[in-house]
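Visitor: So here's coords35.cif, just mmCIF, C-alpha atoms and all ligand atoms:
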data_work
loop_
_atom_site.label_atom_id
_atom_site.label_comp_id
_atom_site.auth_asym_id
_atom_site.auth_seq_id
_atom_site.Cartn_x
_atom_site.Cartn_y
_atom_site.Cartn_z
CA MET A 1 69.83 112.45 68.19
CA SER A 2 69.35 115.71 70.12
CA THR A 3 67.50 115.81 73.43
CA LEU A 4 65.91 118.73 75.27
CA ARG A 5 68.64 120.19 77.47
CA GLU A 6 68.28 120.71 81.20
CA PRO A 7 68.86 124.02 83.04
CA ASP A 8 72.33 122.94 84.23
CA SER A 9 73.41 122.70 80.61
CA LYS A 10 73.64 126.53 80.44
CA GLY A 11 77.04 127.47 79.00
CA ALA A 12 77.81 124.02 77.61
CA LEU A 13 79.50 124.00 74.20
CA SER A 14 77.86 122.44 71.16
CA LEU A 15 79.52 119.36 69.67
CA GLU A 16 81.15 121.43 66.90
CA GLU A 17 82.27 124.19 69.29
CA LEU A 18 83.88 121.62 71.57
CA PHE A 19 85.53 119.83 68.66
CA GLU A 20 86.99 123.13 67.39
CA GLN A 21 88.34 123.78 70.87
CA ILE A 22 89.93 120.31 70.98
CA CYS A 23 91.57 120.93 67.59
CA ARG A 24 92.91 124.30 68.81
CA HIS A 25 94.42 122.84 71.99
CA SER A 26 95.74 119.51 70.77
CA ASP A 27 97.74 118.62 67.67
CA ILE A 28 96.70 114.98 67.95
CA VAL A 29 93.66 115.48 65.71
CA GLU A 30 95.66 117.01 62.87
CA ASN A 31 98.77 114.83 63.18
CA ALA A 32 96.95 111.51 63.38
CA GLY A 33 94.50 112.77 60.74
CA LYS A 34 97.36 113.10 58.24
CA ILE A 35 98.37 109.48 58.82
CA PHE A 36 94.87 108.04 58.57
CA GLN A 37 94.11 110.20 55.52
CA VAL A 38 96.98 108.41 53.75
CA ALA A 39 95.67 105.06 55.04
CA HIS A 40 92.19 105.92 53.74
CA ARG A 41 93.36 106.27 50.11
CA ILE A 42 92.16 103.37 48.02
CA ASP A 43 95.63 102.91 46.48
CA CYS A 44 97.50 103.22 49.80
CA THR A 45 100.18 100.55 50.23
CA VAL A 46 101.86 99.38 53.43
CA ASP A 47 104.93 101.38 52.29
CA ASP A 48 102.84 104.58 52.01
CA LEU A 49 101.44 104.00 55.50
CA ARG A 50 104.91 103.35 56.93
CA ALA A 51 106.22 106.56 55.34
CA ALA A 52 103.32 108.53 56.90
CA VAL A 53 103.91 107.03 60.35
CA GLN A 54 107.68 107.58 60.23
CA VAL A 55 107.15 111.35 60.11
CA ASP A 56 106.40 110.97 63.85
CA PRO A 57 109.41 109.09 65.34
CA VAL A 58 107.83 108.83 68.81
CA LEU A 59 104.75 107.18 67.36
CA ALA A 60 106.91 104.86 65.23
CA ALA A 61 108.85 103.85 68.36
CA HIS A 62 105.59 103.15 70.23
CA ILE A 63 104.41 100.91 67.39
CA VAL A 64 107.68 98.96 67.30
CA ARG A 65 107.54 98.56 71.10
CA ARG A 66 104.04 97.10 70.86
CA ILE A 67 105.00 94.73 68.05
CA ASN A 68 107.72 93.38 70.34
CA SER A 69 105.27 92.90 73.23
CA ALA A 70 103.89 89.60 74.53
CA TYR A 71 100.71 90.31 72.53
CA TYR A 72 102.47 89.45 69.25
CA ASN A 73 104.83 86.90 70.85
CA LEU A 74 107.39 87.10 68.01
CA SER A 75 110.25 84.61 67.93
CA LYS A 76 112.72 87.44 67.06
CA PRO A 77 112.38 91.11 67.98
CA VAL A 78 111.89 93.67 65.20
CA HIS A 79 113.87 96.89 65.23
CA ASP A 80 111.98 99.22 62.91
CA LEU A 81 108.74 99.72 61.02
CA LYS A 82 110.15 98.16 57.84
CA GLN A 83 110.77 94.90 59.67
CA ALA A 84 107.37 95.23 61.34
CA MET A 85 105.73 95.20 57.92
CA SER A 86 106.94 91.65 57.39
CA VAL A 87 104.89 90.72 60.49
CA LEU A 88 101.82 92.93 60.04
CA GLY A 89 99.62 93.46 57.02
CA PHE A 90 98.11 96.80 56.06
CA TYR A 91 95.06 96.65 58.35
CA ASP A 92 97.01 95.40 61.36
CA LEU A 93 99.55 98.18 60.90
CA ARG A 94 96.76 100.76 60.61
CA ASN A 95 95.03 99.40 63.72
CA LEU A 96 98.26 99.26 65.71
CA THR A 97 98.89 102.89 64.69
CA LEU A 98 95.40 103.72 65.98
CA VAL A 99 96.07 101.87 69.26
CA SER A 100 99.35 103.80 69.70
CA VAL A 101 97.75 107.18 68.88
CA ALA A 102 94.86 106.54 71.31
CA ALA A 103 97.19 105.31 74.07
CA ARG A 104 99.34 108.43 73.70
CA PHE A 105 96.24 110.61 73.89
CA LEU A 106 95.02 108.86 77.06
CA ASP A 107 98.41 109.39 78.68
CA GLN A 108 97.52 113.08 78.94
CA HIS A 109 96.17 114.07 82.30
CA LEU A 110 92.70 112.71 82.98
CA SER A 111 90.98 113.62 86.23
CA ALA A 112 91.53 110.62 88.45
CA THR A 113 88.26 111.20 90.26
CA THR A 114 86.17 110.97 87.08
CA ILE A 115 88.00 108.56 84.78
CA ASN A 116 90.19 105.59 85.59
CA ARG A 117 92.57 105.51 82.62
CA SER A 118 93.39 101.78 82.97
CA LEU A 119 89.72 100.84 83.22
CA LEU A 120 88.82 102.84 80.11
CA TRP A 121 91.80 101.53 78.14
CA GLN A 122 91.28 97.87 79.09
CA HIS A 123 87.59 98.20 78.22
CA SER A 124 88.43 99.81 74.86
CA LEU A 125 90.87 97.09 73.79
CA GLY A 126 88.62 94.36 75.24
CA VAL A 127 85.71 95.65 73.14
CA ALA A 128 88.02 95.90 70.10
CA ALA A 129 89.13 92.28 70.50
CA ALA A 130 85.59 91.04 71.26
CA SER A 131 84.25 92.89 68.19
CA HIS A 132 86.92 91.26 66.02
CA LEU A 133 85.99 87.83 67.40
CA LEU A 134 82.26 88.41 67.00
CA ALA A 135 82.62 89.65 63.41
CA ARG A 136 84.70 86.58 62.57
CA ILE A 137 82.29 84.09 64.16
CA ALA A 138 79.10 85.75 62.87
CA CYS A 139 80.68 86.52 59.45
CA ARG A 140 79.19 90.02 59.77
CA GLY A 141 81.11 93.30 59.36
CA ASN A 142 84.82 93.62 58.65
CA PRO A 143 86.86 92.30 61.63
CA ALA A 144 89.66 94.87 61.15
CA GLU A 145 87.20 97.76 60.97
CA VAL A 146 85.16 96.77 64.02
CA PHE A 147 88.44 96.34 65.93
CA ALA A 148 89.35 99.94 65.00
CA ALA A 149 85.91 101.12 66.13
CA GLY A 150 86.32 99.31 69.45
CA VAL A 151 89.66 100.99 70.17
CA ILE A 152 88.19 104.51 70.23
CA HIS A 153 84.43 103.97 70.75
CA ASP A 154 84.52 105.49 74.28
CA ILE A 155 87.35 108.01 73.75
CA GLY A 156 84.63 110.68 73.92
CA TYR A 157 84.63 110.25 77.72
CA ALA A 158 88.33 111.21 77.81
CA LEU A 159 87.76 114.13 75.41
CA LEU A 160 84.94 115.42 77.61
CA ASP A 161 87.01 115.03 80.75
CA LEU A 162 89.99 116.85 79.23
CA TYR A 163 88.21 119.62 77.35
CA HIS A 164 84.76 120.09 78.92
CA ARG A 165 85.43 118.93 82.45
CA ARG A 166 82.99 121.13 84.37
CA PHE A 167 80.06 119.80 82.39
CA PHE A 168 81.34 116.24 82.28
CA GLN A 169 81.58 116.29 86.06
CA ARG A 170 77.94 117.41 86.18
CA VAL A 171 77.08 114.42 84.00
CA MET A 172 79.00 112.08 86.28
CA ALA A 173 77.44 113.58 89.40
CA LYS A 174 73.98 112.85 87.97
CA ARG A 175 74.75 109.31 86.81
CA ASP A 176 72.32 106.67 87.93
CA PRO A 177 73.20 102.96 87.56
CA ARG A 178 69.60 102.35 86.43
CA GLU A 179 69.73 104.88 83.57
CA PRO A 180 71.96 104.90 80.46
CA LEU A 181 74.64 107.56 80.84
CA TYR A 182 74.28 108.75 77.24
CA GLU A 183 70.82 110.10 78.07
CA THR A 184 72.22 112.16 80.95
CA GLU A 185 75.01 113.38 78.64
CA ARG A 186 72.46 114.52 76.08
CA GLN A 187 70.35 116.28 78.70
CA ILE A 188 73.34 118.26 79.98
CA LEU A 189 75.61 118.54 76.93
CA GLY A 190 73.16 118.21 74.05
CA PHE A 191 75.25 115.31 72.64
CA ASP A 192 76.99 112.21 74.00
CA HIS A 193 80.46 110.64 74.14
CA ALA A 194 79.65 108.37 71.17
CA GLU A 195 78.88 111.34 68.90
CA LEU A 196 82.07 113.10 70.02
CA ALA A 197 84.21 109.98 69.40
CA ALA A 198 82.56 109.57 65.97
CA ARG A 199 83.43 113.21 65.19
CA LEU A 200 87.06 112.43 66.00
CA ALA A 201 86.97 109.25 63.86
CA GLU A 202 85.60 111.35 60.99
CA ALA A 203 88.36 113.94 61.37
CA TRP A 204 90.86 111.08 61.35
CA HIS A 205 89.47 109.87 58.00
CA LEU A 206 88.62 106.44 59.41
CA PRO A 207 86.28 104.39 57.18
CA THR A 208 82.55 105.18 57.33
CA PRO A 209 81.55 101.83 58.95
CA VAL A 210 84.00 102.65 61.78
CA VAL A 211 82.54 106.14 62.25
CA GLU A 212 78.92 104.91 62.18
CA ALA A 213 79.56 101.96 64.51
CA ILE A 214 81.06 104.37 67.04
CA ARG A 215 78.26 106.95 66.69
CA TYR A 216 75.48 104.39 67.19
CA HIS A 217 77.13 101.96 69.61
CA HIS A 218 74.51 102.66 72.31
CA ILE A 219 71.51 103.11 69.98
CA PRO A 220 71.89 100.55 67.15
CA GLU A 221 68.14 100.41 66.58
CA GLN A 222 68.24 104.06 65.42
CA TYR A 223 70.81 103.35 62.69
CA LEU A 224 69.18 102.92 59.27
CA GLY A 225 72.20 103.14 56.95
CA PRO A 226 74.16 100.48 55.07
CA HIS A 227 76.66 99.62 57.83
CA ARG A 228 74.27 97.95 60.29
CA GLU A 229 76.47 94.89 60.75
CA SER A 230 79.39 96.93 62.11
CA VAL A 231 77.02 98.91 64.37
CA TYR A 232 75.49 95.69 65.75
CA VAL A 233 78.87 94.00 66.31
CA LEU A 234 80.18 96.95 68.33
CA ASN A 235 76.95 97.26 70.33
CA VAL A 236 76.87 93.56 71.28
CA ALA A 237 80.64 93.35 71.99
CA ASN A 238 80.39 96.45 74.21
CA TYR A 239 77.55 94.82 76.14
CA PHE A 240 79.29 91.44 76.55
CA CYS A 241 82.49 93.12 77.81
CA SER A 242 80.65 95.44 80.20
CA ARG A 243 78.51 92.62 81.61
CA GLY A 244 81.70 90.58 82.02
CA GLY A 245 83.09 93.31 84.30
CA TRP A 246 85.18 95.14 81.69
CA THR A 247 83.42 98.50 82.00
CA SER A 248 84.75 101.87 80.85
CA LEU A 249 83.36 103.83 83.82
CA SER A 250 82.14 102.53 87.14
CA GLY A 251 78.53 102.90 88.28
CA VAL A 252 77.10 103.17 84.78
CA ALA A 253 74.09 101.21 83.43
CA VAL A 254 74.69 98.80 80.54
CA VAL A 255 71.64 98.44 78.32
CA PRO A 256 71.19 94.99 76.70
CA PRO A 257 71.35 94.98 72.88
CA PRO A 258 67.99 95.26 71.10
CA ASP A 259 66.61 92.16 69.33
CA CYS A 260 67.52 93.65 65.93
CA ALA A 261 71.23 93.52 66.86
CA TYR A 262 71.18 89.80 67.76
CA ALA A 263 68.99 89.00 64.75
CA GLY A 264 71.12 91.13 62.41
CA LEU A 265 74.22 89.21 63.46
CA GLY A 266 72.47 85.85 63.06
CA LEU A 267 73.73 84.78 66.48
CA ASP A 268 72.28 81.31 67.04
CA SER A 269 73.18 79.10 70.00
CA LEU A 270 76.09 77.44 68.14
CA ALA A 271 77.67 80.80 67.21
CA LEU A 272 77.21 82.04 70.79
CA SER A 273 78.74 78.91 72.31
CA ILE A 274 81.82 79.32 70.05
CA PHE A 275 82.00 82.96 71.08
CA TRP A 276 81.79 82.22 74.83
CA ASP A 277 84.46 79.53 74.45
CA GLU A 278 86.95 81.91 72.84
CA PHE A 279 85.97 85.12 74.63
CA PRO A 280 88.02 84.71 77.88
CA GLY A 281 91.24 83.96 75.96
CA VAL A 282 90.66 86.88 73.61
CA LEU A 283 90.08 89.26 76.56
CA GLU A 284 93.21 88.01 78.33
CA ARG A 285 95.22 88.61 75.17
CA SER A 286 93.79 92.12 74.75
CA LEU A 287 95.22 92.91 78.20
CA LEU A 288 98.70 92.21 76.83
CA LEU A 289 98.12 94.87 74.17
CA ALA A 290 96.63 97.29 76.72
CA GLU A 291 99.69 96.92 78.92
CA ALA A 292 102.29 96.98 76.11
FE FE B 301 79.99 104.10 75.07
FE FE B 302 82.09 101.01 75.84
#
Would it be possible to restate this file's structure as structure tokens?
Ligand SMILES: [Fe+2]
Ligand SMILES: [Fe+2]
Guide:
Amino acid sequence: MSTLREPDSKGALSLEELFEQICRHSDIVENAGKIFQVAHRIDCTVDDLRAAVQVDPVLAAHIVRRINSAYYNLSKPVHDLKQAMSVLGFYDLRNLTLVSVAARFLDQHLSATTINRSLLWQHSLGVAAASHLLARIACRGNPAEVFAAGVIHDIGYALLDLYHRRFFQRVMAKRDPREPLYETERQILGFDHAELAARLAEAWHLPTPVVEAIRYHHIPEQYLGPHRESVYVLNVANYFCSRGGWTSLSGVAVVPPPDCAYAGLGLDSLALSIFWDEFPGVLERSLLLAEA
């Protein structure tokens, strides 16, 4: 996926160099990685996952707060993770952990001139919810996994802004609403935000379909592996949300999905009309989670 770099890329870090730097300066990669490594085990139970999360009391408190939000609309509040387990299954608890980890990460200082935190976060959860809906309607991909992919698919923008700001600002200065931003990123950085987010998902031991969907969410036609359905779901959901005004960054081109993505999802007019019926309600609900 590499592209010939431009002269103003001089001094930019490679993907691995940048990722090493992120790991050195932030404990979020290692700490969250330990939790998702437990979750990744084939024999992991909800109890094992709860025990892993409880090592971080602040994270546990964030999860309980979100379970008590309007998004879940519980009749009685829950007070701890043990009670929460009676409400959430394994995948929902893992995804809510991911939402809480990502939200905490985004609460670090992002440069207000480059990234609007609310915009990025609402887009991320909107794409997560839309991916879940699309996977359910099309019966393609695993709804819980594509939701997880949606939550962090654009977190690479925040990583670039926090840890490689000078070069990210060059990318943003060169953005052109007629050109896909990932091409400008590759010209200047040698990689793009999707590859960086996929690297993080890999370090967090998230399932392979999640990692691949994130890595290829702008270039699904280049993905030739076994997880095409997840890649296509995320690509189409990202496009529908962005076209609907839920963009991650302003002034950035949104490329329509290639034919292979629509065909691979088997989206006929009936499936699409069900999707468009449910989409506004699903987006509204994702806002409740974004604001929780
Ligand atoms: Fe993206
Ligand atoms: Fe996106």
Visitor: Can you tell me which residues sit at most 12 Å away from ligand FE 302 (chain B), counting only C-alpha atoms and all ligand atoms, written as a PyMOL selection string?
Guide: chain A and resi 119-128+130-131+149-157+180-182+193-194+197+213-218+234-243+245-250+252-255
Visitor: Hey, what's within 8 Å of Leu265 (chain A) if we count all atoms listed in the file and toss same-chain stuff fewer than 5 positions away? As a list in words, please?
Guide: Ala138, Arg140, Glu229, Tyr232 and Val233 of chain A
Visitor: What's the separation between CA of Glu284 (chain A) and CA of Ala70 (chain A), in Å to one decimal place?
Guide: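 Going from CA of Glu284 (chain A) over to CA of Ala70 (chain A) covers 11.4 Å.
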Visitor: How many Å lie between CA of Gln222 (chain A) and CA of Phe275 (chain A), rounded to one decimal?
Guide: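 Here the two named atoms are 25.8 Å from each other.
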Visitor: My list of candidates is A:Cys23, A:Leu206, A:Ala148, A:Ala173. Which is closest to Ile188 (chain A) when distances are computed with only C-alpha atoms?
Guide: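 Comparing A:Cys23, A:Leu206, A:Ala148, A:Ala173 against Ile188 (chain A), the winner is A:Ala173.
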Visitor: Which residues, protein or nucleic acid, reach to within 10 Å of (98.0, 96.7, 56.6) in the file's coordinates when using all atoms listed in the file, and can you give that as an MDAnalysis selection string?
Guide: chainID A and resid 39 44:47 49:50 85 87:96 144
Visitor: Which is closest to ligand FE 301 (chain B) among A:Arg24, A:Ala158, A:Trp276, A:Leu13, if we use all atoms listed in the file?
Guide: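 Answer, going by the shortest atom-to-atom distance: A:Ala158.
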Visitor: What lies within 12 Å of Leu159 (chain A) using only C-alpha atoms, ignoring chain neighbours under 2 positions off, as a PyMOL selection string?
Guide: chain A and resi 15+18-19+21-23+25-26+28-29+102+105-106+108-111+115+152-157+161-165+167-168+192-200
Visitor: Restricting the calculation to all atoms listed in the file, which member of A:Pro77, A:Pro280, A:Pro258, A:Pro220 is positioned closest to ligand FE 301 (chain B)?
Guide: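 Smallest separation from ligand FE 301 (chain B) among the options: A:Pro220.
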Visitor: Which one is closest to Ile137 (chain A): A:Glu179, A:Asp277, A:Asp43, A:Glu20? Count all atoms listed in the file.
Guide: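 Result for the nearest residue to Ile137 (chain A): A:Asp277.
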Visitor: What does the structure give for the distance between CA of Leu289 (chain A) and CA of Ile35 (chain A), in Å to one decimal?
Guide: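 CA of Ile35 (chain A) lies at a distance of 21.2 Å from CA of Leu289 (chain A).
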Visitor: Using all atoms listed in the file, which of A:Ser14, A:Phe36, A:Ser118, A:Glu185 sits nearest ligand FE 301 (chain B)?
Guide: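 Using all atoms listed in the file, the shortest distance to ligand FE 301 (chain B) belongs to A:Glu185.
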